[in-house]
Each structure stands twice: as structure tokens, then as C-alpha cells.
$ cat target.cif   # mmCIF, C-alpha atoms and all ligand atoms
data_model
#
loop_
_atom_site.group_PDB
_atom_site.id
_atom_site.type_symbol
_atom_site.label_atom_id
_atom_site.label_comp_id
_atom_site.auth_asym_id
_atom_site.auth_seq_id
_atom_site.Cartn_x
_atom_site.Cartn_y
_atom_site.Cartn_z
ATOM 1 C CA MET D 1 0.000 0.000 0.000
ATOM 2 C CA LYS D 2 1.237 3.437 -0.835
ATOM 3 C CA THR D 3 1.046 6.268 1.667
ATOM 4 C CA PRO D 4 -1.578 8.653 0.385
ATOM 5 C CA ASN D 5 -0.317 12.153 -0.218
ATOM 6 C CA LYS D 6 -1.600 14.328 2.570
ATOM 7 C CA LYS D 7 -1.253 17.511 0.522
ATOM 8 C CA ILE D 8 -4.501 16.945 -1.379
ATOM 9 C CA LYS D 9 -6.219 20.260 -1.854
ATOM 10 C CA LYS D 10 -9.590 20.996 -0.299
ATOM 11 C CA GLU D 11 -11.850 19.011 -2.587
ATOM 12 C CA LEU D 12 -14.837 20.472 -4.358
ATOM 13 C CA THR D 13 -17.967 18.392 -4.827
ATOM 14 C CA ILE D 14 -18.788 17.416 -8.408
ATOM 15 C CA GLU D 15 -21.648 19.845 -8.418
ATOM 16 C CA GLN D 16 -19.356 22.669 -7.341
ATOM 17 C CA LYS D 17 -16.914 21.681 -10.076
ATOM 18 C CA ILE D 18 -19.595 21.623 -12.732
ATOM 19 C CA ASN D 19 -20.919 24.977 -11.550
ATOM 20 C CA ARG D 20 -17.443 26.440 -11.512
ATOM 21 C CA ARG D 21 -16.740 25.056 -14.952
ATOM 22 C CA ASN D 22 -19.999 26.372 -16.383
ATOM 23 C CA PHE D 23 -19.283 29.742 -14.824
ATOM 24 C CA ILE D 24 -15.799 29.836 -16.344
ATOM 25 C CA SER D 25 -17.026 28.727 -19.769
ATOM 26 C CA PHE D 26 -19.837 31.252 -19.668
ATOM 27 C CA GLY D 27 -17.354 34.023 -18.881
ATOM 28 C CA ALA D 28 -15.045 32.913 -21.682
ATOM 29 C CA PHE D 29 -18.017 32.627 -23.985
ATOM 30 C CA THR D 30 -19.157 36.209 -23.278
ATOM 31 C CA VAL D 31 -15.690 37.647 -23.897
ATOM 32 C CA PHE D 32 -15.315 35.546 -27.015
ATOM 33 C CA ALA D 33 -18.778 36.403 -28.345
ATOM 34 C CA ALA D 34 -18.154 40.132 -27.914
ATOM 35 C CA GLY D 35 -14.824 39.826 -29.715
ATOM 36 C CA ALA D 36 -16.304 37.709 -32.486
ATOM 37 C CA PHE D 37 -19.117 40.199 -33.036
ATOM 38 C CA GLU D 38 -16.703 43.129 -33.269
ATOM 39 C CA GLY D 39 -14.566 41.154 -35.706
ATOM 40 C CA TRP D 40 -17.589 40.253 -37.764
ATOM 41 C CA ARG D 41 -18.719 43.889 -37.933
ATOM 42 C CA TRP D 42 -15.259 44.983 -38.930
ATOM 43 C CA LEU D 43 -15.033 42.348 -41.679
ATOM 44 C CA TYR D 44 -18.396 43.135 -43.153
ATOM 45 C CA LYS D 45 -17.930 46.871 -42.947
ATOM 46 C CA SER D 46 -14.416 47.014 -44.296
ATOM 47 C CA PRO D 47 -15.133 46.397 -48.026
ATOM 48 C CA THR D 48 -17.224 49.543 -48.209
ATOM 49 C CA GLU D 49 -15.149 51.598 -45.834
ATOM 50 C CA THR D 50 -11.745 50.741 -47.247
ATOM 51 C CA ALA D 51 -11.493 51.906 -50.788
ATOM 52 C CA GLY D 52 -9.422 49.882 -53.236
ATOM 53 C CA ILE D 53 -9.507 46.507 -51.414
ATOM 54 C CA THR D 54 -10.861 43.905 -53.775
ATOM 55 C CA GLY D 55 -12.677 40.690 -52.950
ATOM 56 C CA GLU D 56 -9.456 38.846 -53.710
ATOM 57 C CA ALA D 57 -7.581 40.689 -50.991
ATOM 58 C CA HIS D 58 -10.238 39.746 -48.473
ATOM 59 C CA ARG D 59 -9.876 36.044 -48.994
ATOM 60 C CA PRO D 60 -7.622 35.349 -45.998
ATOM 61 C CA LEU D 61 -9.989 37.308 -43.801
ATOM 62 C CA ARG D 62 -12.956 35.336 -45.042
ATOM 63 C CA LYS D 63 -11.089 32.134 -44.346
ATOM 64 C CA ALA D 64 -10.527 33.269 -40.781
ATOM 65 C CA LEU D 65 -14.171 34.165 -40.496
ATOM 66 C CA ASN D 66 -15.247 30.724 -41.685
ATOM 67 C CA LYS D 67 -13.042 29.089 -39.072
ATOM 68 C CA THR D 68 -14.494 31.352 -36.426
ATOM 69 C CA GLU D 69 -17.994 30.459 -37.520
ATOM 70 C CA ILE D 70 -17.275 26.749 -37.355
ATOM 71 C CA PHE D 71 -15.840 27.114 -33.874
ATOM 72 C CA PHE D 72 -18.797 29.237 -32.834
ATOM 73 C CA ARG D 73 -21.322 26.734 -34.126
ATOM 74 C CA ARG D 74 -19.612 23.907 -32.295
ATOM 75 C CA LEU D 75 -19.612 25.910 -29.110
ATOM 76 C CA VAL D 76 -23.287 26.811 -29.358
ATOM 77 C CA PHE D 77 -24.884 23.767 -30.915
ATOM 78 C CA ASN D 78 -22.932 20.929 -29.354
ATOM 79 C CA GLU D 79 -25.303 20.636 -26.439
ATOM 80 C CA ASN D 80 -24.187 17.094 -25.584
ATOM 81 C CA HIS D 81 -20.614 18.295 -25.034
ATOM 82 C CA LEU D 82 -19.227 15.400 -26.968
ATOM 83 C CA VAL D 83 -15.488 14.989 -27.189
ATOM 84 C CA LYS D 84 -14.230 15.735 -30.704
ATOM 85 C CA THR D 85 -13.955 12.654 -32.918
ATOM 86 C CA TYR D 86 -11.859 11.985 -36.036
ATOM 87 C CA PRO D 87 -12.054 9.839 -39.176
ATOM 88 C CA LYS D 88 -10.719 6.291 -38.710
ATOM 89 C CA GLU D 89 -7.825 6.918 -41.119
ATOM 90 C CA MET D 90 -6.384 9.377 -38.627
ATOM 91 C CA ALA D 91 -6.084 6.785 -35.849
ATOM 92 C CA ALA D 92 -2.553 5.715 -34.878
ATOM 93 C CA LYS D 93 -1.586 2.277 -36.208
ATOM 94 C CA ARG D 94 0.883 1.809 -33.351
ATOM 95 C CA VAL D 95 -0.975 2.630 -30.200
ATOM 96 C CA ARG D 96 1.216 4.165 -27.557
ATOM 97 C CA TYR D 97 1.732 2.054 -24.433
ATOM 98 C CA ASN D 98 2.117 3.829 -21.116
ATOM 99 C CA SER D 99 2.280 1.778 -17.911
ATOM 100 C CA ASP D 100 1.043 -1.472 -16.407
ATOM 101 C CA ILE D 101 0.379 -1.027 -12.720
ATOM 102 C CA GLY D 102 -1.933 -3.808 -11.551
ATOM 103 C CA MET D 103 -1.039 -5.901 -14.610
ATOM 104 C CA GLU D 104 2.472 -7.038 -13.726
ATOM 105 C CA ALA D 105 1.507 -10.645 -12.965
ATOM 106 C CA LYS D 106 1.213 -11.421 -16.677
ATOM 107 C CA LYS D 107 1.722 -15.176 -16.292
ATOM 108 C CA LYS D 108 -0.944 -15.624 -13.666
ATOM 109 C CA PHE D 109 -3.562 -13.744 -15.652
ATOM 110 C CA ASP D 110 -5.567 -15.678 -18.254
ATOM 111 C CA PRO D 111 -7.918 -13.513 -20.349
ATOM 112 C CA ALA D 112 -9.673 -16.687 -21.560
ATOM 113 C CA THR D 113 -11.071 -17.523 -18.115
ATOM 114 C CA TRP D 114 -11.615 -13.871 -17.139
ATOM 115 C CA LYS D 115 -15.047 -12.673 -16.060
ATOM 116 C CA LEU D 116 -16.073 -9.182 -15.112
ATOM 117 C CA GLN D 117 -17.212 -9.056 -11.468
ATOM 118 C CA VAL D 118 -20.017 -6.592 -10.853
ATOM 119 C CA ILE D 119 -20.355 -6.090 -7.115
ATOM 120 C CA LYS D 120 -23.975 -5.637 -6.117
ATOM 121 C CA LYS D 121 -25.768 -4.870 -2.869
ATOM 122 C CA GLY D 122 -25.258 -7.340 -0.048
ATOM 123 C CA GLY D 123 -22.045 -8.620 -1.614
ATOM 124 C CA GLU D 124 -23.819 -10.417 -4.447
ATOM 125 C CA ILE D 125 -21.577 -10.644 -7.510
ATOM 126 C CA LEU D 126 -22.782 -10.612 -11.099
ATOM 127 C CA GLN D 127 -20.285 -12.338 -13.391
ATOM 128 C CA VAL D 128 -20.183 -11.258 -17.015
ATOM 129 C CA SER D 129 -18.166 -12.968 -19.745
ATOM 130 C CA ILE D 130 -16.514 -11.165 -22.645
ATOM 131 C CA ASP D 131 -18.907 -12.903 -25.069
ATOM 132 C CA GLU D 132 -21.914 -11.470 -23.245
ATOM 133 C CA LEU D 133 -20.396 -8.011 -23.627
ATOM 134 C CA LYS D 134 -19.586 -8.585 -27.302
ATOM 135 C CA ALA D 135 -23.197 -9.602 -27.929
ATOM 136 C CA LEU D 136 -24.337 -6.090 -26.957
ATOM 137 C CA PRO D 137 -24.400 -3.216 -29.477
ATOM 138 C CA LYS D 138 -20.846 -2.256 -30.392
ATOM 139 C CA THR D 139 -19.830 1.401 -30.297
ATOM 140 C CA GLU D 140 -16.659 2.741 -31.912
ATOM 141 C CA ILE D 141 -14.788 5.930 -31.204
ATOM 142 C CA VAL D 142 -11.778 7.670 -32.735
ATOM 143 C CA TYR D 143 -10.575 10.484 -30.500
ATOM 144 C CA ASP D 144 -7.518 12.153 -29.053
ATOM 145 C CA PHE D 145 -6.422 10.136 -26.012
ATOM 146 C CA LYS D 146 -4.640 12.412 -23.529
ATOM 147 C CA CYS D 147 -2.211 11.428 -20.793
ATOM 148 C CA VAL D 148 -1.504 13.898 -17.964
ATOM 149 C CA GLU D 149 2.192 13.362 -18.587
ATOM 150 C CA GLY D 150 1.854 15.434 -21.735
ATOM 151 C CA TRP D 151 1.377 13.074 -24.675
ATOM 152 C CA ASP D 152 -1.739 12.539 -26.744
ATOM 153 C CA GLN D 153 -2.613 10.324 -29.677
ATOM 154 C CA ILE D 154 -5.614 9.815 -31.930
ATOM 155 C CA GLN D 155 -6.799 6.265 -31.222
ATOM 156 C CA HIS D 156 -9.581 3.978 -32.404
ATOM 157 C CA TRP D 157 -11.377 1.933 -29.727
ATOM 158 C CA ALA D 158 -14.551 -0.152 -29.715
ATOM 159 C CA GLY D 159 -16.714 -1.798 -27.107
ATOM 160 C CA VAL D 160 -19.993 -1.482 -25.309
ATOM 161 C CA LYS D 161 -21.186 1.863 -24.013
ATOM 162 C CA PHE D 162 -21.121 1.862 -20.230
ATOM 163 C CA SER D 163 -24.713 3.185 -20.298
ATOM 164 C CA ASP D 164 -25.801 0.266 -22.559
ATOM 165 C CA PHE D 165 -24.111 -2.155 -20.167
ATOM 166 C CA ILE D 166 -26.046 -0.620 -17.252
ATOM 167 C CA LYS D 167 -29.347 -0.949 -19.105
ATOM 168 C CA HIS D 168 -28.758 -4.483 -20.343
ATOM 169 C CA PHE D 169 -27.841 -5.855 -16.923
ATOM 170 C CA GLN D 170 -30.588 -3.837 -15.227
ATOM 171 C CA LEU D 171 -28.203 -1.911 -13.049
ATOM 172 C CA GLU D 172 -30.169 1.364 -13.299
ATOM 173 C CA ASP D 173 -30.618 1.569 -9.529
ATOM 174 C CA TYR D 174 -26.850 1.318 -9.118
ATOM 175 C CA ALA D 175 -26.337 4.039 -11.735
ATOM 176 C CA LYS D 176 -28.369 6.366 -9.512
ATOM 177 C CA MET D 177 -25.444 6.349 -7.099
ATOM 178 C CA GLN D 178 -22.806 9.060 -7.350
ATOM 179 C CA TYR D 179 -19.733 7.023 -8.246
ATOM 180 C CA VAL D 180 -18.515 3.915 -9.949
ATOM 181 C CA GLY D 181 -15.248 2.265 -8.950
ATOM 182 C CA MET D 182 -13.191 -0.080 -11.128
ATOM 183 C CA GLU D 183 -10.233 -2.217 -10.129
ATOM 184 C CA THR D 184 -7.785 -4.574 -11.822
ATOM 185 C CA PRO D 185 -8.223 -8.281 -10.926
ATOM 186 C CA ASP D 186 -5.160 -8.075 -8.619
ATOM 187 C CA LYS D 187 -6.492 -4.762 -7.149
ATOM 188 C CA GLY D 188 -3.162 -3.094 -7.915
ATOM 189 C CA TYR D 189 -4.693 -0.231 -9.950
ATOM 190 C CA TYR D 190 -8.082 1.276 -9.284
ATOM 191 C CA VAL D 191 -10.096 4.312 -10.311
ATOM 192 C CA GLY D 192 -13.158 6.188 -9.100
ATOM 193 C CA ILE D 193 -15.408 7.882 -11.635
ATOM 194 C CA ASP D 194 -18.305 10.269 -11.062
ATOM 195 C CA MET D 195 -21.497 8.738 -12.440
ATOM 196 C CA PRO D 196 -22.279 11.490 -15.015
ATOM 197 C CA SER D 197 -18.886 10.873 -16.661
ATOM 198 C CA ALA D 198 -19.348 7.087 -16.559
ATOM 199 C CA MET D 199 -22.796 7.417 -18.167
ATOM 200 C CA HIS D 200 -21.526 9.874 -20.803
ATOM 201 C CA PRO D 201 -22.450 8.573 -24.298
ATOM 202 C CA GLN D 202 -18.764 8.233 -25.295
ATOM 203 C CA THR D 203 -17.687 6.146 -22.296
ATOM 204 C CA LEU D 204 -16.932 2.546 -23.295
ATOM 205 C CA LEU D 205 -16.087 -0.784 -21.776
ATOM 206 C CA ALA D 206 -13.680 -1.430 -24.642
ATOM 207 C CA TYR D 207 -12.596 -4.822 -26.002
ATOM 208 C CA GLU D 208 -11.120 -3.769 -29.372
ATOM 209 C CA VAL D 209 -8.470 -1.380 -30.608
ATOM 210 C CA ASN D 210 -7.991 -0.814 -34.362
ATOM 211 C CA ASP D 211 -10.627 -3.510 -35.066
ATOM 212 C CA HIS D 212 -8.690 -6.200 -33.130
ATOM 213 C CA PRO D 213 -9.059 -7.585 -29.612
ATOM 214 C CA ILE D 214 -7.133 -5.402 -27.154
ATOM 215 C CA PRO D 215 -3.622 -6.821 -26.574
ATOM 216 C CA LEU D 216 -2.523 -7.679 -23.009
ATOM 217 C CA ASN D 217 -0.362 -4.556 -22.546
ATOM 218 C CA HIS D 218 -3.279 -2.296 -23.471
ATOM 219 C CA GLY D 219 -5.656 -3.980 -21.032
ATOM 220 C CA ALA D 220 -7.032 -7.242 -22.449
ATOM 221 C CA PRO D 221 -9.687 -8.394 -22.388
ATOM 222 C CA LEU D 222 -11.595 -5.287 -21.201
ATOM 223 C CA ARG D 223 -10.551 -1.729 -20.373
ATOM 224 C CA LEU D 224 -12.247 1.540 -19.676
ATOM 225 C CA ILE D 225 -12.227 4.168 -22.431
ATOM 226 C CA ILE D 226 -13.501 7.411 -20.978
ATOM 227 C CA PRO D 227 -12.773 10.275 -23.415
ATOM 228 C CA VAL D 228 -13.954 12.993 -20.993
ATOM 229 C CA LYS D 229 -11.082 12.081 -18.651
ATOM 230 C CA TYR D 230 -7.298 11.966 -18.779
ATOM 231 C CA GLY D 231 -5.548 8.637 -19.410
ATOM 232 C CA ILE D 232 -5.053 7.889 -15.702
ATOM 233 C CA LYS D 233 -8.784 7.151 -15.354
ATOM 234 C CA ASN D 234 -8.846 4.778 -18.367
ATOM 235 C CA LEU D 235 -8.308 1.622 -16.324
ATOM 236 C CA LYS D 236 -6.783 -1.277 -18.238
ATOM 237 C CA ARG D 237 -7.708 -4.898 -17.438
ATOM 238 C CA ILE D 238 -10.939 -4.277 -15.533
ATOM 239 C CA GLY D 239 -11.507 -6.978 -12.915
ATOM 240 C CA SER D 240 -14.391 -5.580 -10.922
ATOM 241 C CA ILE D 241 -16.915 -2.769 -10.938
ATOM 242 C CA ASN D 242 -18.538 -1.336 -7.807
ATOM 243 C CA PHE D 243 -20.983 1.476 -7.121
ATOM 244 C CA SER D 244 -21.212 3.903 -4.196
ATOM 245 C CA ASN D 245 -22.258 7.314 -2.984
ATOM 246 C CA THR D 246 -18.833 7.972 -1.536
ATOM 247 C CA ARG D 247 -15.665 8.286 -3.583
ATOM 248 C CA PRO D 248 -14.201 4.903 -4.462
ATOM 249 C CA ARG D 249 -10.451 4.668 -3.905
ATOM 250 C CA ASP D 250 -8.365 6.003 -6.756
ATOM 251 C CA TYR D 251 -4.733 5.118 -7.339
ATOM 252 C CA TRP D 252 -3.487 8.469 -8.644
ATOM 253 C CA ALA D 253 -5.746 10.591 -6.420
ATOM 254 C CA GLU D 254 -3.973 8.895 -3.495
ATOM 255 C CA GLU D 255 -0.755 10.278 -4.988
ATOM 256 C CA GLY D 256 -2.134 13.805 -5.044
ATOM 257 C CA TYR D 257 -3.554 13.981 -8.576
ATOM 258 C CA ASP D 258 -6.937 15.579 -9.144
ATOM 259 C CA TYR D 259 -9.674 13.061 -8.318
ATOM 260 C CA TYR D 260 -11.932 14.323 -11.089
ATOM 261 C CA SER D 261 -9.188 14.459 -13.779
ATOM 262 C CA GLY D 262 -11.639 15.741 -16.384
ATOM 263 C CA LEU D 263 -10.638 17.379 -19.649
HETATM 264 N N1 LIG B 1 -4.215 -1.177 -15.015
HETATM 265 C C1 LIG B 1 -3.685 -0.029 -15.434
HETATM 266 N N2 LIG B 1 -4.449 0.826 -16.160
HETATM 267 C C2 LIG B 1 -3.922 1.996 -16.582
HETATM 268 C C3 LIG B 1 -2.599 2.365 -16.266
HETATM 269 C C4 LIG B 1 -1.837 1.461 -15.490
HETATM 270 O O1 LIG B 1 -0.651 1.697 -15.165
HETATM 271 N N3 LIG B 1 -2.403 0.278 -15.110
HETATM 272 N N4 LIG B 1 -2.092 3.582 -16.683
HETATM 273 C C5 LIG B 1 -3.071 4.607 -17.047
HETATM 274 C C6 LIG B 1 -2.463 5.713 -17.765
HETATM 275 S S1 LIG B 1 -1.586 6.836 -16.867
HETATM 276 C C7 LIG B 1 -2.648 5.894 -19.102
HETATM 277 S S2 LIG B 1 -2.066 7.266 -19.905
HETATM 278 C C8 LIG B 1 -3.337 4.879 -19.912
HETATM 279 C C9 LIG B 1 -2.418 4.419 -21.013
HETATM 280 O O2 LIG B 1 -2.957 3.370 -21.738
HETATM 281 P P1 LIG B 1 -2.042 2.623 -22.780
HETATM 282 O O3 LIG B 1 -0.915 1.974 -22.030
HETATM 283 O O4 LIG B 1 -2.935 1.691 -23.491
HETATM 284 O O5 LIG B 1 -1.488 3.723 -23.659
HETATM 285 O O6 LIG B 1 -3.754 3.760 -19.162
HETATM 286 C C10 LIG B 1 -4.217 4.040 -17.873
HETATM 287 N N5 LIG B 1 -4.708 2.819 -17.290
HETATM 288 MO MO MO B 2 -1.236 8.594 -18.244
#
$ encode --input "target.cif" --output "C-alpha cells"
Amino acid sequence: MKTPNKKIKKELTIEQKINRRNFISFGAFTVFAAGAFEGWRWLYKSPTETAGITGEAHRPLRKALNKTEIFFRRLVFNENHLVKTYPKEMAAKRVRYNSDIGMEAKKKFDPATWKLQVIKKGGEILQVSIDELKALPKTEIVYDFKCVEGWDQIQHWAGVKFSDFIKHFQLEDYAKMQYVGMETPDKGYYVGIDMPSAMHPQTLLAYEVNDHPIPLNHGAPLRLIIPVKYGIKNLKRIGSINFSNTRPRDYWAEEGYDYYSGL
């Protein structure tokens, strides 16, 4: 067991974080909108006000305007706050490998006999095989995976949406709780996730990368892909899932990293 870092800052509740975030984005939005409007006025006025500038000369400005418009539209109309996705061709062929805490005992672990352990009330355990998960609707995502250590890479993952998994196994009452915890089979690496992020439409229990089963070093047979969070929360080799109204233990939060670790 590691000694938890005692320096952890005074924690905000999720609601406080969301409020703070909305407040910050609203402020940024207002400043940006004012600037964009001024820019727009200037662009549209300038052809008449500035004699001798032809349409040709305005092309770069128009290009900039188009980009601004696209950005603006995304900001305003993307009400689901989906993480940006990319075409499959842009996904890295060689997926970057980071670390393997909780996966060191490679010889003892057999993905063929693996079953996901869903811990229910009263200690009851629901066991789910990889085939049961593969029988559910498959969702793919190509997005920019970001590690807190400073690297990012466009990657292509596929699996079952966490929210579909909840529905299929009738775990809706559990999803009403505030957090979900996930741990490796050896309990060496573990994460806690706030329920809204777990239930986000882009959060997957992933079993494929680049259209192939996930290799051992990337978390076979099942890993978490949670695009709204940094890499540290994307637990590889999920052994068990638990639900609670208090924060589940979290490996890197114990080391002083932000518990929420959202993007
Ligand atoms: N079990 C386990 N999951 C893990 C880690 C780990 O060390 N062990 N590292 C995390 C970190 S910090 C990152 S950036 C991603 C990296 O995943 P990759 O090795 O497939 O690139 O996995 C996350 N999940
Ligand atoms: Mo990471």
C-alpha cells in the first residue's frame, strides 16, 4: 500500500466543479462572443469603408471568419458536449503504451477464463463474460487520447457503451449512485469515476483497438475508455466494478492527482 499524499487540496464536490466550470465557460463565452461580433462587424464593414480593397484581398480574412464560424457553431450547438472525434484513417496504427500497474503478474492472468465481477448490494456478484459483452451493441470511437504526462494520440477503440451495459444488466438503480469504482483483478490499480462521466455517451467498456481484440499490454480483455477524462482514469484490465455514494479509492488521487481528472 502506498502512503496517500496528505497535501490533497480541499476538494470540491462534483456539483461545485460543474458549476465552476460552467461559470468559467460562460465568462469565456461572453468575452469571445463580444470579440467575435466586433470582428464580424469589422469584416463586413471594411469592403465599403476601405477603398481599393478587392474581394481577392479579403480572402484570408474570409477564411478566418469561416473558421471562427465553425468554432462558434460547435460551441453553441454541441449541447451534448461530446469529445471531438476523427475519421478512422487518422487513428494511430501503433498505439502508444504507457504503464502497467496492476497488470504485472502477466503469467498468472488468463484472459480466456476472465469474467467481469459486478459487485452488487449485499455482496452479491454478477459475473459477465466477454462474449456477453460482445453480444451487446458495439460502439466505436476515434478520439484524441490524452495522458496527464503530456502526450496525446488519436486512437480507435470499440466496445460497449457503459450506459448500454447498465441498461442491459438492469443496473439502473446502481447508476443512480454518485460514483462507480473499477479495479484490476489483482487490485493493484483502481479508479473512481463520477457517475455522469461514466454514463456519458462516449464512455466505453472497450474490447477492441484498431478492429482487433485489445492486446494484453493495453488492457485485455476489457478496459475503460472514458474520453472525458485523462488517461489515468482509463483503467486497463478491468476486474471488478462497484458502485457507491462515496468516492471509491483512486490510485493516482492517493498520490495527489486531481480526483476528477476531467478534460
Ligand atoms: N491497469 C492499469 N491501467 C492503466 C494504467 C496502469 O498503469 N495500469 N495507466 C493509465 C495511464 S496513466 C494511461 S495514460 C493509460 C495508457 O494506456 P495505454 O498503455 O494503453 O497507452 O492507461 C491508464 N490505465
Ligand atoms: Mo497517463
$ resolve_selection --input "target.cif" --expression "the PyMOL selection byres (((chain D and resi 237) around 8) and not hetatm)" --output "PyMOL selection string"
chain D and resi 103+184-185+218-223+235-236+238-239
$ closest_residue --input "target.cif" --among "D:Glu208, D:Glu149, D:Asp144, D:Glu124" --to "ligand MO 2 (chain B)" --atoms "all atoms listed in the file"
D:Glu149
$ residues_around --input "target.cif" --residues "D:Ser261" --least-positions-apart "6" --cutoff "10 Å" --atoms "only C-alpha atoms" --output "list in words"
Val148, Ile193, Val228, Lys229, Tyr230, Gly231, Ile232, Lys233, Trp252 and Ala253 of chain D
$ resolve_selection --input "target.cif" --expression "the PyMOL selection byres (((chain D and resi 174) around 12) and not hetatm)" --output "PyMOL selection string"
chain D and resi 118-121+163+165-167+169-173+175-181+195+199+241-245
$ closest_residue --input "target.cif" --among "D:Arg249, D:Lys115, D:Arg94, D:His200" --to "D:Gly188" --atoms "all atoms listed in the file"
D:Arg249
$ residues_around --input "target.cif" --residues "D:Phe162" --least-positions-apart "6" --cutoff "7 Å" --atoms "all atoms listed in the file" --output "compact mmCIF listing (two decimals) with C-alpha atoms, in the coordinates of the input"
# COMPACT_ATOMS: atom_id res chain seq x y z
CA ALA D 198 -19.35 7.09 -16.56
CA MET D 199 -22.80 7.42 -18.17
CA THR D 203 -17.69 6.15 -22.30
CA LEU D 204 -16.93 2.55 -23.30
CA LEU D 205 -16.09 -0.78 -21.78
$ closest_residue --input "target.cif" --among "D:Tyr143, D:Tyr190, D:Phe109, D:Tyr260" --to "D:Thr85" --atoms "all atoms listed in the file"
D:Tyr143
$ atom_distance --input "target.cif" --atom1 "atom CA of D:Lys146" --atom2 "atom S2 of ligand LIG 1 (chain B)"
6.8 Å
$ atom_distance --input "target.cif" --atom1 "atom CA of D:Ile225" --atom2 "atom CA of D:Gly123"
26.3 Å
$ closest_residue --input "target.cif" --among "D:Gln127, D:Asn210, D:Gln153, D:Thr246" --to "ligand MO 2 (chain B)" --atoms "all atoms listed in the file"
D:Gln153
$ atom_distance --input "target.cif" --atom1 "atom CA of D:Val160" --atom2 "atom CA of D:Ser197"
15.1 Å
$ closest_residue --input "target.cif" --among "D:Pro87, D:Gly102, D:Pro111, D:Pro248" --to "ligand LIG 1 (chain B)" --atoms "only C-alpha atoms and all ligand atoms"
D:Gly102
$ build_atoms --input "target.cif" --residues "stretch 185-199 of chain D" --atoms "N, CA and C atoms" --output "PDB file, keeping the file's coordinate frame"
ATOM      1  N   PRO D 185      -7.961  -7.038 -11.663  1.00  0.00           N
ATOM      2  CA  PRO D 185      -8.223  -8.281 -10.926  1.00  0.00           C
ATOM      3  C   PRO D 185      -7.322  -8.429  -9.691  1.00  0.00           C
ATOM      4  N   ASP D 186      -6.067  -7.958  -9.779  1.00  0.00           N
ATOM      5  CA  ASP D 186      -5.160  -8.075  -8.619  1.00  0.00           C
ATOM      6  C   ASP D 186      -5.297  -6.892  -7.652  1.00  0.00           C
ATOM      7  N   LYS D 187      -6.204  -5.957  -7.961  1.00  0.00           N
ATOM      8  CA  LYS D 187      -6.492  -4.762  -7.149  1.00  0.00           C
ATOM      9  C   LYS D 187      -5.292  -3.822  -7.028  1.00  0.00           C
ATOM     10  N   GLY D 188      -4.361  -3.932  -7.951  1.00  0.00           N
ATOM     11  CA  GLY D 188      -3.162  -3.094  -7.915  1.00  0.00           C
ATOM     12  C   GLY D 188      -3.378  -1.702  -8.494  1.00  0.00           C
ATOM     13  N   TYR D 189      -4.370  -1.542  -9.363  1.00  0.00           N
ATOM     14  CA  TYR D 189      -4.693  -0.231  -9.950  1.00  0.00           C
ATOM     15  C   TYR D 189      -6.197  -0.087  -9.865  1.00  0.00           C
ATOM     16  N   TYR D 190      -6.644   1.098  -9.504  1.00  0.00           N
ATOM     17  CA  TYR D 190      -8.082   1.276  -9.284  1.00  0.00           C
ATOM     18  C   TYR D 190      -8.446   2.728  -9.519  1.00  0.00           C
ATOM     19  N   VAL D 191      -9.644   2.941 -10.035  1.00  0.00           N
ATOM     20  CA  VAL D 191     -10.096   4.312 -10.311  1.00  0.00           C
ATOM     21  C   VAL D 191     -11.511   4.536  -9.786  1.00  0.00           C
ATOM     22  N   GLY D 192     -11.804   5.779  -9.480  1.00  0.00           N
ATOM     23  CA  GLY D 192     -13.158   6.188  -9.100  1.00  0.00           C
ATOM     24  C   GLY D 192     -13.633   7.202 -10.129  1.00  0.00           C
ATOM     25  N   ILE D 193     -14.852   7.014 -10.592  1.00  0.00           N
ATOM     26  CA  ILE D 193     -15.408   7.882 -11.635  1.00  0.00           C
ATOM     27  C   ILE D 193     -16.761   8.413 -11.170  1.00  0.00           C
ATOM     28  N   ASP D 194     -16.987   9.719 -11.372  1.00  0.00           N
ATOM     29  CA  ASP D 194     -18.305  10.269 -11.062  1.00  0.00           C
ATOM     30  C   ASP D 194     -19.304   9.704 -12.063  1.00  0.00           C
ATOM     31  N   MET D 195     -20.518   9.439 -11.598  1.00  0.00           N
ATOM     32  CA  MET D 195     -21.497   8.738 -12.440  1.00  0.00           C
ATOM     33  C   MET D 195     -21.819   9.479 -13.748  1.00  0.00           C
ATOM     34  N   PRO D 196     -21.992  10.830 -13.729  1.00  0.00           N
ATOM     35  CA  PRO D 196     -22.279  11.490 -15.015  1.00  0.00           C
ATOM     36  C   PRO D 196     -21.205  11.218 -16.074  1.00  0.00           C
ATOM     37  N   SER D 197     -19.949  11.161 -15.690  1.00  0.00           N
ATOM     38  CA  SER D 197     -18.886  10.873 -16.661  1.00  0.00           C
ATOM     39  C   SER D 197     -18.935   9.422 -17.117  1.00  0.00           C
ATOM     40  N   ALA D 198     -19.249   8.506 -16.188  1.00  0.00           N
ATOM     41  CA  ALA D 198     -19.348   7.087 -16.559  1.00  0.00           C
ATOM     42  C   ALA D 198     -20.498   6.878 -17.544  1.00  0.00           C
ATOM     43  N   MET D 199     -21.602   7.584 -17.331  1.00  0.00           N
ATOM     44  CA  MET D 199     -22.796   7.417 -18.167  1.00  0.00           C
ATOM     45  C   MET D 199     -22.755   8.284 -19.431  1.00  0.00           C
TER      46      MET D 199
END
